[in-house]
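K.L.:
Once you've had a glance at the structure underneath, I'll fire off some questions.
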Amino acid sequence: MNKYSTLTRILGWAAGVAIILSACAPAATTVAPTSAPPTAVPATPIPPTVAPTAAPQLKGDAIRGGRLYDNWVKVLGVDTPKGNQALWAKQTTNTRAGLDTWRCKECHGWDYKGVDGAYGSGSHKTGFKGVMGVAGKDPSAILAILKGSANPDHNFSALMNDQALTDLALFLNKYLMDSADLIKADKSLLSGNATAGKANYDGNCTECHGPQGLGINWADQVAPQYVGFLAKDNPWEVLHKIRFGQPGEKMPPMETVGLKKAELADLLAYSQSLPTSSLVTEGGVLYDNWMPALKKDVPAKDQPLWAKQTTNTRKGADTWRCKECHGWDYKGVDGAYGSGSHKTGVKGLAAAAKMNDADLLAWLNGSKNADHNFSIYFGEAQMKMMIAFIQKGTADTKPYINADKTVKGDTAKGKTLYTASCARCHGNDGTTIKFGDPAAPQFVGTIAADNPWEFFHKALNGQPGKPMPSGLNLGWSMQDVADVLAFSQTLPQK
Ligand code: HEC
Ligand code: HEC
Ligand code: HEC
Ligand code: HEC
């Protein structure tokens, strides 16, 4: 793509905008006395570029079109169409099935270049052409292609309404960006200054992804994925998402803010500089419940040490959770689990927090006690997470949570944090997601009141198997978590 064609396109849009503006402007008959001096050059009339009989200009949201290109099923909230997209059968190299086969990006690429771009090799290769060829073209003609004019198998009109298809056409007309001068084939960047990108990251991304991009892990604890990971692994995808937002989420599209290409490059460079792991909180999630976090089945028998106690009568999965024996407060028999139905009599982790890596590993792989062996389930990476959590994540909550479960926190401050980071899933009153027994559902408010230590742990580290943010990685202090907890105790409990 050369400068000339880009310039042509810019001029093209400018002309289009001018036409719309002049068409929409009220007939201005009088000129304010303070207006431009008479020396001002009179506006050159725009030569008519379209025949008078041309179809009316398409109207829509080209930025939403970018999100539709990413994943229209998610944006529109519709069911995934049955089977694979008809054109999928024309290729054999990409073996995905179902939803992926319907996403525009899967066939045409995050770089819009299809077989001529990043998807020209690897598991995403389909061999299909890109969409760069329609950049700047008449949106009505693009719309026709999406309705199957060139190929009946490329007809999306039964699946999306006209507005969605129009938004897509406007996106393809206006926003296809050639990133060849920005991202190299090996994913490193040709331009972009990470230091310069920090301000835009801090201003636009930190609220949800945290100062280090570790706020949301949208994968699992087998191979966690954060902004820093994806920016290095698929910079084209991240550039697209930065510009247009995340389908189905309130992530702000930077095209709305109007960042220039160089500023987008800086933001991408900064994203690539962010860390790709957060051992402490990843370990915290494993401590809570490693089975869903690692997508592992519950072991067939109870944890062998379970038989050494009789006070806690639970069975199965619970017997394998670190928290069930060592407590949400990490104090075992000396803490909240020192009495009641969860009592096992097992010690807490206060001494363990001072142990070195080798000793902790020996505890986790069965060398210290053959019945305390998690090495069948944890790989080296998970052992590192667990060790980091025990050493750095098992903080004492005593300064914030009283023995009677009341909390030393500021509910007003907590409400602000809750509204910014938790309400999008749990709702403003915490009742959108129900946990536990459907007959007697529990909510955020229930957990906060019944088990403030559990709440504290989850708010700091996240929820196993779910993309729930980690307060610690959002940059929250312990007091911030206590504030959110105090506020959550005011929410409905049933
Ligand atoms: C299953 C793969 C697949 C999916 C999904 C897909 N396309 Fe296509 N697309 C193709 C193929 C193949 C062609 C070439 C078709 C032809 O003309 O025979 C094409 C052609 C196009 C063209 C014309 C390009 C040109 O230069 O002529 C546009 C524009 C386009 N697609 C946009 C989209 C959009 C927008 C979506 C999402 C709603 C989409 N496509 C989804 C495979 C796909
Ligand atoms: C209002 C909250 C919010 C803001 C602000 C925000 N994001 Fe996101 N972002 C999300 C959510 C929610 C997801 C989806 C996570 C998931 O899939 O579970 C997401 C996903 C992502 C993804 C991964 C997409 C995927 O699933 O593969 C990237 C990369 C990303 N965001 C980068 C950014 C960058 C860079 C910024 C700043 C320009 C930003 N986000 C601003 C909420 C936000
Ligand atoms: C079924 C109950 C149970 C479960 C589940 C359990 N532990 Fe333990 N853990 C114990 C017992 C009992 C001991 C003491 C064993 C001994 O003295 O030989 C212990 C000891 C430890 C120690 C050494 C503490 C010290 O001060 O010597 C650490 C560290 C530890 N566990 C971490 C974990 C982690 C991390 C998990 C989850 C992956 C976990 N435990 C799961 C019962 C359990
Ligand atoms: C991406 C959506 C999402 C966000 C944002 C979110 N959560 Fe959650 N949360 C969940 C899901 C999903 C569950 C699990 C429901 C289940 O296990 O059935 C959950 C569970 C919980 C639980 C109870 C877990 C249990 O198993 O008893 C608490 C407490 C909680 N969240 C607190 C919070 C707090 C505090 C915040 C803000 C820092 C937050 N959540 C933000 C999705 C989210």
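Simple scheme: letters A, B, ... for chains in structure tokens order, numbers from 1 for residues in each chain, numbers from 1 for ligands in the order shown.
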At a cut-off of 7 Å and counting only C-alpha atoms and all ligand atoms, what residues surround ligand 1? Please answer as a PyMOL selection string.

P.N.:
chain A and resi 69+85-88+101-104+106-108+128-134+142+145-146+150-151+154+156+168-169+172

K.L.:
How about saving the chosen residues, N, CA and C atoms kept, as a CSV table (one decimal), in the first residue's frame?

P.N.:
```
chain,number,residue,atom,x,y,z
A,69,TYR,N,-16.3,-7.4,12.6
A,69,TYR,CA,-15.3,-8.1,11.8
A,69,TYR,C,-14.6,-9.1,12.7
A,85,GLN,N,-19.1,-22.3,8.1
A,85,GLN,CA,-19.4,-21.4,7.0
A,85,GLN,C,-19.2,-22.2,5.7
A,86,ALA,N,-20.1,-22.0,4.7
A,86,ALA,CA,-20.0,-22.8,3.5
A,86,ALA,C,-18.7,-22.8,2.8
A,87,LEU,N,-18.0,-21.6,2.8
A,87,LEU,CA,-16.7,-21.5,2.1
A,87,LEU,C,-15.6,-22.3,2.8
A,88,TRP,N,-15.8,-22.6,4.1
A,88,TRP,CA,-14.8,-23.3,4.9
A,88,TRP,C,-14.4,-24.6,4.2
A,101,THR,N,-15.2,-20.4,12.1
A,101,THR,CA,-15.3,-20.4,10.7
A,101,THR,C,-16.3,-19.3,10.2
A,102,TRP,N,-17.0,-18.7,11.1
A,102,TRP,CA,-17.9,-17.6,10.8
A,102,TRP,C,-17.3,-16.2,11.0
A,103,ARG,N,-16.2,-16.2,11.7
A,103,ARG,CA,-15.6,-14.9,12.0
A,103,ARG,C,-14.8,-14.3,10.8
A,104,CYS,N,-15.1,-13.1,10.4
A,104,CYS,CA,-14.5,-12.5,9.2
A,104,CYS,C,-12.9,-12.6,9.4
A,106,GLU,N,-11.1,-14.7,10.8
A,106,GLU,CA,-10.5,-16.1,10.6
A,106,GLU,C,-10.1,-16.4,9.2
A,107,CYS,N,-10.9,-15.8,8.2
A,107,CYS,CA,-10.6,-16.1,6.8
A,107,CYS,C,-9.8,-14.9,6.2
A,108,HIS,N,-10.0,-13.7,6.7
A,108,HIS,CA,-9.3,-12.5,6.1
A,108,HIS,C,-8.2,-12.0,6.9
A,128,PHE,N,-7.4,-18.1,1.8
A,128,PHE,CA,-8.4,-17.1,1.3
A,128,PHE,C,-7.7,-15.7,1.2
A,129,LYS,N,-8.2,-14.9,0.2
A,129,LYS,CA,-7.6,-13.6,0.0
A,129,LYS,C,-8.0,-12.6,1.1
A,130,GLY,N,-7.3,-11.6,1.2
A,130,GLY,CA,-7.6,-10.5,2.2
A,130,GLY,C,-8.7,-9.6,1.7
A,131,VAL,N,-8.9,-8.6,2.5
A,131,VAL,CA,-10.0,-7.6,2.2
A,131,VAL,C,-9.4,-6.2,1.8
A,132,MET,N,-8.0,-6.2,1.8
A,132,MET,CA,-7.4,-4.9,1.5
A,132,MET,C,-7.9,-4.2,0.2
A,133,GLY,N,-8.2,-5.1,-0.7
A,133,GLY,CA,-8.6,-4.7,-2.0
A,133,GLY,C,-9.9,-3.8,-2.0
A,134,VAL,N,-10.7,-3.9,-1.0
A,134,VAL,CA,-11.9,-3.1,-1.0
A,134,VAL,C,-11.8,-1.8,-0.2
A,142,ILE,N,-19.4,-2.8,-1.4
A,142,ILE,CA,-18.9,-3.8,-0.4
A,142,ILE,C,-20.1,-4.5,0.3
A,145,ILE,N,-21.2,-7.4,-1.7
A,145,ILE,CA,-20.3,-8.6,-1.5
A,145,ILE,C,-20.7,-9.4,-0.3
A,146,LEU,N,-21.1,-8.6,0.8
A,146,LEU,CA,-21.5,-9.3,2.0
A,146,LEU,C,-22.8,-9.9,1.9
A,150,ALA,N,-21.0,-11.5,-5.2
A,150,ALA,CA,-19.9,-12.1,-6.0
A,150,ALA,C,-19.9,-13.6,-5.8
A,151,ASN,N,-20.4,-14.1,-4.8
A,151,ASN,CA,-20.4,-15.5,-4.5
A,151,ASN,C,-21.5,-15.8,-3.5
A,154,HIS,N,-21.1,-16.4,0.1
A,154,HIS,CA,-20.6,-15.3,0.9
A,154,HIS,C,-21.7,-14.4,1.3
A,156,PHE,N,-24.2,-13.1,4.0
A,156,PHE,CA,-24.4,-13.0,5.4
A,156,PHE,C,-25.8,-12.4,5.8
A,168,LEU,N,-20.3,-3.1,8.8
A,168,LEU,CA,-19.1,-3.8,8.3
A,168,LEU,C,-18.6,-3.2,7.0
A,169,ALA,N,-19.5,-2.8,6.1
A,169,ALA,CA,-19.1,-2.2,4.8
A,169,ALA,C,-18.4,-0.9,5.1
A,172,LEU,N,-14.9,-1.6,6.4
A,172,LEU,CA,-14.0,-2.0,5.3
A,172,LEU,C,-13.6,-0.8,4.4
```

K.L.:
Which residues are near ligand 4 in this structure, taking near to mean any atom at most 8 Å from a ligand atom and counting only C-alpha atoms and all ligand atoms? Format them as a CSV table (one decimal) with N, CA and C atoms, in the first residue's frame.

P.N.:
```csv
chain,number,residue,atom,x,y,z
A,417,LEU,N,-14.8,1.5,43.7
A,417,LEU,CA,-14.0,0.4,43.2
A,417,LEU,C,-14.8,-0.8,42.6
A,418,TYR,N,-15.9,-1.1,43.4
A,418,TYR,CA,-16.8,-2.2,43.0
A,418,TYR,C,-17.4,-1.8,41.7
A,421,SER,N,-15.0,-2.2,38.7
A,421,SER,CA,-14.3,-3.4,38.4
A,421,SER,C,-15.2,-4.7,38.5
A,422,CYS,N,-16.2,-4.6,39.3
A,422,CYS,CA,-17.0,-5.8,39.6
A,422,CYS,C,-18.4,-5.8,39.0
A,423,ALA,N,-19.0,-4.6,38.9
A,423,ALA,CA,-20.4,-4.5,38.6
A,423,ALA,C,-20.7,-5.0,37.2
A,424,ARG,N,-19.7,-4.9,36.2
A,424,ARG,CA,-20.0,-5.3,34.9
A,424,ARG,C,-20.4,-6.8,34.8
A,425,CYS,N,-20.0,-7.6,35.7
A,425,CYS,CA,-20.4,-9.0,35.8
A,425,CYS,C,-21.4,-9.3,36.9
A,426,HIS,N,-21.2,-8.8,38.1
A,426,HIS,CA,-22.0,-9.1,39.2
A,426,HIS,C,-23.2,-8.2,39.4
A,433,ILE,N,-24.8,-12.6,39.2
A,433,ILE,CA,-24.3,-14.0,39.1
A,433,ILE,C,-24.7,-14.7,40.4
A,434,LYS,N,-25.3,-15.9,40.3
A,434,LYS,CA,-25.7,-16.7,41.5
A,434,LYS,C,-24.7,-17.8,41.6
A,435,PHE,N,-24.2,-18.0,42.9
A,435,PHE,CA,-23.3,-19.2,43.1
A,435,PHE,C,-24.1,-20.2,44.0
A,436,GLY,N,-23.4,-21.4,44.0
A,436,GLY,CA,-23.9,-22.4,44.9
A,436,GLY,C,-25.2,-23.1,44.5
A,442,GLN,N,-26.4,-18.0,46.3
A,442,GLN,CA,-25.6,-17.0,47.0
A,442,GLN,C,-25.1,-16.0,46.1
A,443,PHE,N,-24.8,-14.8,46.6
A,443,PHE,CA,-24.4,-13.7,45.8
A,443,PHE,C,-23.1,-13.1,46.4
A,444,VAL,N,-22.5,-12.1,45.7
A,444,VAL,CA,-21.4,-11.4,46.2
A,444,VAL,C,-21.6,-11.0,47.7
A,445,GLY,N,-22.8,-10.4,47.9
A,445,GLY,CA,-23.2,-10.0,49.3
A,445,GLY,C,-23.2,-11.1,50.3
A,447,ILE,N,-21.4,-14.0,50.2
A,447,ILE,CA,-20.0,-14.4,50.5
A,447,ILE,C,-19.3,-13.3,51.4
A,448,ALA,N,-19.6,-12.1,51.1
A,448,ALA,CA,-18.9,-11.0,51.8
A,448,ALA,C,-19.3,-11.1,53.3
A,454,GLU,N,-12.8,-15.5,52.5
A,454,GLU,CA,-12.9,-16.0,51.1
A,454,GLU,C,-13.0,-14.9,50.1
A,455,PHE,N,-13.9,-13.9,50.5
A,455,PHE,CA,-14.1,-12.8,49.6
A,455,PHE,C,-12.8,-12.0,49.4
A,456,PHE,N,-12.0,-11.8,50.5
A,456,PHE,CA,-10.8,-11.1,50.4
A,456,PHE,C,-9.8,-11.8,49.4
A,458,LYS,N,-10.5,-14.0,47.0
A,458,LYS,CA,-10.9,-13.9,45.6
A,458,LYS,C,-10.8,-12.6,45.0
A,459,ALA,N,-11.1,-11.5,45.8
A,459,ALA,CA,-11.0,-10.2,45.3
A,459,ALA,C,-9.5,-9.8,45.0
A,460,LEU,N,-8.6,-10.4,45.7
A,460,LEU,CA,-7.2,-10.1,45.5
A,460,LEU,C,-6.7,-10.9,44.3
A,462,GLY,N,-8.6,-13.4,42.1
A,462,GLY,CA,-9.5,-13.8,41.0
A,462,GLY,C,-10.2,-15.1,41.2
A,463,GLN,N,-11.0,-15.5,40.3
A,463,GLN,CA,-11.9,-16.7,40.5
A,463,GLN,C,-11.4,-17.8,39.5
A,464,PRO,N,-11.1,-19.0,40.1
A,464,PRO,CA,-10.6,-20.1,39.2
A,464,PRO,C,-11.5,-20.4,38.0
A,466,LYS,N,-12.4,-18.5,35.6
A,466,LYS,CA,-13.2,-17.4,35.1
A,466,LYS,C,-12.3,-16.1,34.8
A,467,PRO,N,-12.6,-15.3,33.8
A,467,PRO,CA,-11.8,-14.1,33.6
A,467,PRO,C,-12.1,-13.0,34.6
A,468,MET,N,-12.3,-13.4,35.9
A,468,MET,CA,-12.6,-12.4,36.9
A,468,MET,C,-11.3,-11.6,37.3
A,469,PRO,N,-11.3,-10.3,37.3
A,469,PRO,CA,-10.1,-9.6,37.5
A,469,PRO,C,-9.4,-9.8,38.9
A,470,SER,N,-8.2,-9.6,39.0
A,470,SER,CA,-7.4,-9.7,40.2
A,470,SER,C,-7.2,-8.3,40.8
A,471,GLY,N,-7.8,-8.1,42.0
A,471,GLY,CA,-7.6,-6.8,42.6
A,471,GLY,C,-6.1,-6.4,42.8
A,481,VAL,N,-9.1,-3.5,49.0
A,481,VAL,CA,-9.9,-4.7,49.0
A,481,VAL,C,-10.8,-4.7,50.2
A,484,VAL,N,-13.8,-2.6,49.4
A,484,VAL,CA,-14.7,-3.3,48.5
A,484,VAL,C,-15.5,-4.3,49.3
A,485,LEU,N,-14.8,-5.0,50.2
A,485,LEU,CA,-15.5,-6.0,51.1
A,485,LEU,C,-16.5,-5.3,51.9
A,488,SER,N,-19.4,-4.5,49.9
A,488,SER,CA,-20.1,-5.7,49.5
A,488,SER,C,-21.0,-6.3,50.6
```

K.L.:
List every residue of chain A that has an atom at most 9 Å from any atom of ligand 3, giving for each one its closest atom pair and the distance in Å to one decimal, counting only C-alpha atoms and all ligand atoms, sorted by chain and then by ascending residue number, as a Markdown table.

P.N.:
```
| residue | atom | partner | partner_atom_place_in_ligand_line | distance |
| --- | --- | --- | --- | --- |
| A:Gly283 | CA | ligand 3 | 35 (C) | 8.3 |
| A:Leu286 | CA | ligand 3 | 38 (C) | 7.0 |
| A:Tyr287 | CA | ligand 3 | 37 (C) | 5.4 |
| A:Asp288 | CA | ligand 3 | 37 (C) | 8.2 |
| A:Asn289 | CA | ligand 3 | 37 (C) | 8.3 |
| A:Trp290 | CA | ligand 3 | 38 (C) | 7.4 |
| A:Asp302 | CA | ligand 3 | 1 (C) | 8.0 |
| A:Gln303 | CA | ligand 3 | 1 (C) | 5.2 |
| A:Pro304 | CA | ligand 3 | 1 (C) | 6.7 |
| A:Leu305 | CA | ligand 3 | 1 (C) | 4.7 |
| A:Trp306 | CA | ligand 3 | 1 (C) | 4.4 |
| A:Ala307 | CA | ligand 3 | 1 (C) | 8.1 |
| A:Lys308 | CA | ligand 3 | 12 (C) | 7.9 |
| A:Gln309 | CA | ligand 3 | 1 (C) | 8.9 |
| A:Asp318 | CA | ligand 3 | 5 (C) | 7.7 |
| A:Thr319 | CA | ligand 3 | 1 (C) | 5.3 |
| A:Trp320 | CA | ligand 3 | 5 (C) | 4.2 |
| A:Arg321 | CA | ligand 3 | 5 (C) | 4.7 |
| A:Cys322 | CA | ligand 3 | 37 (C) | 3.5 |
| A:Lys323 | CA | ligand 3 | 5 (C) | 7.1 |
| A:Glu324 | CA | ligand 3 | 5 (C) | 6.2 |
| A:Cys325 | CA | ligand 3 | 2 (C) | 4.4 |
| A:His326 | CA | ligand 3 | 7 (N) | 6.4 |
| A:Thr344 | CA | ligand 3 | 2 (C) | 7.7 |
| A:Gly345 | CA | ligand 3 | 12 (C) | 8.1 |
| A:Val346 | CA | ligand 3 | 12 (C) | 5.1 |
| A:Lys347 | CA | ligand 3 | 13 (C) | 6.5 |
| A:Gly348 | CA | ligand 3 | 26 (O) | 6.8 |
| A:Leu349 | CA | ligand 3 | 24 (C) | 5.5 |
| A:Ala350 | CA | ligand 3 | 26 (O) | 6.8 |
| A:Ala351 | CA | ligand 3 | 26 (O) | 4.7 |
| A:Ala352 | CA | ligand 3 | 26 (O) | 4.5 |
| A:Ala353 | CA | ligand 3 | 29 (C) | 7.5 |
| A:Met355 | CA | ligand 3 | 29 (C) | 8.2 |
| A:Asp359 | CA | ligand 3 | 29 (C) | 8.4 |
| A:Leu360 | CA | ligand 3 | 29 (C) | 5.5 |
| A:Leu361 | CA | ligand 3 | 29 (C) | 8.2 |
| A:Ala362 | CA | ligand 3 | 29 (C) | 8.8 |
| A:Trp363 | CA | ligand 3 | 22 (C) | 5.6 |
| A:Leu364 | CA | ligand 3 | 32 (C) | 6.4 |
| A:Lys368 | CA | ligand 3 | 18 (O) | 6.7 |
| A:Asn369 | CA | ligand 3 | 18 (O) | 5.1 |
| A:Ala370 | CA | ligand 3 | 18 (O) | 8.5 |
| A:Asp371 | CA | ligand 3 | 18 (O) | 8.1 |
| A:His372 | CA | ligand 3 | 7 (N) | 6.3 |
| A:Asn373 | CA | ligand 3 | 38 (C) | 8.5 |
| A:Phe374 | CA | ligand 3 | 38 (C) | 6.3 |
| A:Phe378 | CA | ligand 3 | 38 (C) | 8.5 |
| A:Met383 | CA | ligand 3 | 35 (C) | 8.8 |
| A:Met386 | CA | ligand 3 | 35 (C) | 5.9 |
| A:Ile387 | CA | ligand 3 | 35 (C) | 7.5 |
| A:Phe389 | CA | ligand 3 | 35 (C) | 8.4 |
| A:Ile390 | CA | ligand 3 | 29 (C) | 6.9 |
```

K.L.:
Store the residues picked out above in a file with N, CA and C atoms, as a compact mmCIF listing (two decimals), in the first residue's frame.

P.N.:
```
# COMPACT_ATOMS: atom_id res chain seq x y z
N GLY A 283 -0.88 -18.35 41.50
CA GLY A 283 -0.81 -19.33 42.59
C GLY A 283 -2.01 -19.20 43.51
N LEU A 286 -4.84 -21.07 42.09
CA LEU A 286 -4.65 -22.51 42.27
C LEU A 286 -4.96 -22.92 43.71
N TYR A 287 -4.53 -22.10 44.65
CA TYR A 287 -4.77 -22.38 46.07
C TYR A 287 -6.26 -22.49 46.35
N ASP A 288 -7.04 -21.64 45.70
CA ASP A 288 -8.50 -21.63 45.87
C ASP A 288 -9.09 -22.93 45.32
N ASN A 289 -8.82 -23.23 44.07
CA ASN A 289 -9.38 -24.44 43.46
C ASN A 289 -8.64 -24.72 42.16
N TRP A 290 -7.62 -25.57 42.26
CA TRP A 290 -6.76 -25.79 41.09
C TRP A 290 -7.43 -26.63 40.00
N ASP A 302 -10.52 -39.38 47.59
CA ASP A 302 -10.25 -38.20 48.42
C ASP A 302 -8.74 -38.04 48.61
N GLN A 303 -8.31 -36.80 48.89
CA GLN A 303 -6.89 -36.54 49.16
C GLN A 303 -6.48 -37.46 50.32
N PRO A 304 -5.31 -38.17 50.20
CA PRO A 304 -4.97 -39.18 51.21
C PRO A 304 -4.90 -38.65 52.65
N LEU A 305 -4.49 -37.38 52.82
CA LEU A 305 -4.39 -36.85 54.19
C LEU A 305 -5.77 -36.63 54.83
N TRP A 306 -6.79 -36.63 53.97
CA TRP A 306 -8.16 -36.37 54.45
C TRP A 306 -8.57 -37.39 55.52
N ALA A 307 -8.12 -38.62 55.32
CA ALA A 307 -8.51 -39.71 56.23
C ALA A 307 -7.96 -39.51 57.64
N LYS A 308 -6.97 -38.60 57.80
CA LYS A 308 -6.37 -38.39 59.13
C LYS A 308 -7.24 -37.53 60.03
N GLN A 309 -8.35 -37.04 59.49
CA GLN A 309 -9.24 -36.21 60.31
C GLN A 309 -10.68 -36.69 60.11
N ASP A 318 -13.62 -31.05 47.27
CA ASP A 318 -13.24 -30.19 48.40
C ASP A 318 -11.97 -30.68 49.08
N THR A 319 -11.81 -32.00 49.18
CA THR A 319 -10.67 -32.55 49.92
C THR A 319 -9.33 -32.27 49.23
N TRP A 320 -9.41 -31.83 47.97
CA TRP A 320 -8.19 -31.54 47.19
C TRP A 320 -7.84 -30.06 47.14
N ARG A 321 -8.73 -29.21 47.67
CA ARG A 321 -8.47 -27.77 47.59
C ARG A 321 -7.57 -27.35 48.75
N CYS A 322 -6.49 -26.64 48.44
CA CYS A 322 -5.55 -26.20 49.47
C CYS A 322 -6.31 -25.45 50.57
N LYS A 323 -7.26 -24.62 50.14
CA LYS A 323 -7.96 -23.76 51.10
C LYS A 323 -8.79 -24.58 52.09
N GLU A 324 -9.24 -25.77 51.68
CA GLU A 324 -10.09 -26.56 52.57
C GLU A 324 -9.31 -27.05 53.79
N CYS A 325 -8.01 -27.34 53.59
CA CYS A 325 -7.20 -27.78 54.73
C CYS A 325 -6.47 -26.62 55.40
N HIS A 326 -5.98 -25.64 54.60
CA HIS A 326 -5.15 -24.58 55.19
C HIS A 326 -5.89 -23.27 55.42
N THR A 344 -10.47 -29.04 60.06
CA THR A 344 -9.73 -30.28 59.79
C THR A 344 -8.62 -30.48 60.80
N GLY A 345 -8.23 -29.41 61.48
CA GLY A 345 -7.11 -29.48 62.40
C GLY A 345 -5.75 -29.31 61.73
N VAL A 346 -5.74 -29.09 60.42
CA VAL A 346 -4.48 -28.94 59.68
C VAL A 346 -3.88 -27.56 59.98
N LYS A 347 -2.56 -27.51 60.00
CA LYS A 347 -1.87 -26.26 60.32
C LYS A 347 -1.99 -25.22 59.19
N GLY A 348 -1.67 -24.00 59.52
CA GLY A 348 -1.67 -22.92 58.53
C GLY A 348 -0.33 -22.79 57.83
N LEU A 349 -0.18 -21.74 57.04
CA LEU A 349 1.01 -21.59 56.20
C LEU A 349 1.95 -20.48 56.67
N ALA A 350 1.79 -20.02 57.90
CA ALA A 350 2.64 -18.93 58.38
C ALA A 350 4.12 -19.32 58.34
N ALA A 351 4.44 -20.53 58.79
CA ALA A 351 5.85 -20.97 58.77
C ALA A 351 6.31 -21.19 57.33
N ALA A 352 5.39 -21.73 56.51
CA ALA A 352 5.74 -22.03 55.12
C ALA A 352 6.09 -20.76 54.34
N ALA A 353 5.43 -19.65 54.68
CA ALA A 353 5.68 -18.40 53.96
C ALA A 353 7.14 -17.98 54.06
N MET A 355 9.65 -20.23 54.10
CA MET A 355 10.52 -21.28 53.53
C MET A 355 11.07 -20.86 52.16
N ASP A 359 12.44 -25.99 49.65
CA ASP A 359 11.65 -26.63 50.71
C ASP A 359 10.17 -26.66 50.36
N LEU A 360 9.70 -25.56 49.79
CA LEU A 360 8.28 -25.54 49.42
C LEU A 360 7.99 -26.55 48.32
N LEU A 361 8.90 -26.64 47.36
CA LEU A 361 8.72 -27.62 46.29
C LEU A 361 8.67 -29.02 46.90
N ALA A 362 9.55 -29.26 47.87
CA ALA A 362 9.58 -30.58 48.52
C ALA A 362 8.26 -30.88 49.22
N TRP A 363 7.61 -29.84 49.75
CA TRP A 363 6.28 -30.05 50.36
C TRP A 363 5.21 -30.34 49.30
N LEU A 364 5.37 -29.70 48.15
CA LEU A 364 4.31 -29.84 47.12
C LEU A 364 4.47 -31.08 46.24
N LYS A 368 8.50 -34.32 51.20
CA LYS A 368 8.43 -34.18 52.67
C LYS A 368 7.41 -35.15 53.26
N ASN A 369 6.33 -35.35 52.50
CA ASN A 369 5.28 -36.26 52.97
C ASN A 369 4.60 -36.82 51.71
N ALA A 370 4.77 -38.12 51.51
CA ALA A 370 4.31 -38.75 50.26
C ALA A 370 2.81 -38.54 50.03
N ASP A 371 2.07 -38.32 51.11
CA ASP A 371 0.63 -38.10 50.95
C ASP A 371 0.29 -36.66 50.56
N HIS A 372 1.30 -35.80 50.52
CA HIS A 372 1.09 -34.39 50.18
C HIS A 372 1.76 -34.11 48.83
N ASN A 373 1.38 -34.90 47.84
CA ASN A 373 2.05 -34.86 46.54
C ASN A 373 1.11 -34.32 45.46
N PHE A 374 1.44 -33.13 44.95
CA PHE A 374 0.60 -32.52 43.90
C PHE A 374 1.29 -32.53 42.54
N PHE A 378 0.36 -30.70 38.98
CA PHE A 378 1.03 -29.42 38.73
C PHE A 378 2.29 -29.65 37.91
N MET A 383 3.99 -25.16 39.89
CA MET A 383 4.75 -25.21 41.15
C MET A 383 5.31 -23.82 41.46
N MET A 386 2.55 -21.60 42.72
CA MET A 386 2.15 -21.97 44.09
C MET A 386 3.17 -21.48 45.10
N ILE A 387 4.45 -21.66 44.77
CA ILE A 387 5.51 -21.24 45.69
C ILE A 387 5.48 -19.72 45.86
N PHE A 389 2.99 -17.76 45.53
CA PHE A 389 1.82 -17.36 46.32
C PHE A 389 2.06 -17.59 47.81
N ILE A 390 2.60 -18.75 48.16
CA ILE A 390 2.80 -19.05 49.59
C ILE A 390 3.77 -18.02 50.20
```

K.L.:
Within 7 Å of ligand 2, counting only C-alpha atoms and all ligand atoms, which protein or nucleic acid residues do you find, written as a compact mmCIF listing (two decimals) with C-alpha atoms, in the first residue's frame?

P.N.:
```txt
# COMPACT_ATOMS: atom_id res chain seq x y z
CA TYR A 201 -2.11 2.97 28.17
CA ASN A 204 -7.28 4.14 28.55
CA CYS A 205 -6.45 0.63 29.70
CA THR A 206 -5.34 0.60 33.36
CA GLU A 207 -8.82 0.83 34.82
CA CYS A 208 -9.64 -2.67 33.58
CA HIS A 209 -6.30 -4.30 32.79
CA ILE A 216 -7.57 -9.82 33.53
CA TRP A 218 -8.66 -14.38 29.87
CA VAL A 227 -2.26 -7.91 27.44
CA LEU A 230 -1.07 -11.25 23.39
CA ALA A 231 0.67 -8.06 22.26
CA VAL A 238 -4.05 -6.48 19.63
CA LYS A 241 -8.69 -4.67 19.38
CA ILE A 242 -7.01 -1.47 20.55
CA GLN A 246 -13.42 -6.03 22.47
CA GLU A 249 -17.26 -5.69 26.40
CA LYS A 250 -17.12 -2.04 27.33
CA MET A 251 -13.50 -1.77 26.20
CA PRO A 252 -13.12 1.68 24.62
CA MET A 254 -9.13 3.99 20.40
CA SER A 271 1.67 -3.27 25.43
CA PRO A 467 -11.79 -14.12 33.61
```

K.L.:
Just want the 8 Å neighbourhood of A:Leu58, counted on only C-alpha atoms, with same-chain residues fewer than 6 positions away dropped. Output as a list in words.

P.N.:
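So, after excluding close chain neighbours, the residues are Pro139, Ser140, Thr166 and Leu170 of chain A.
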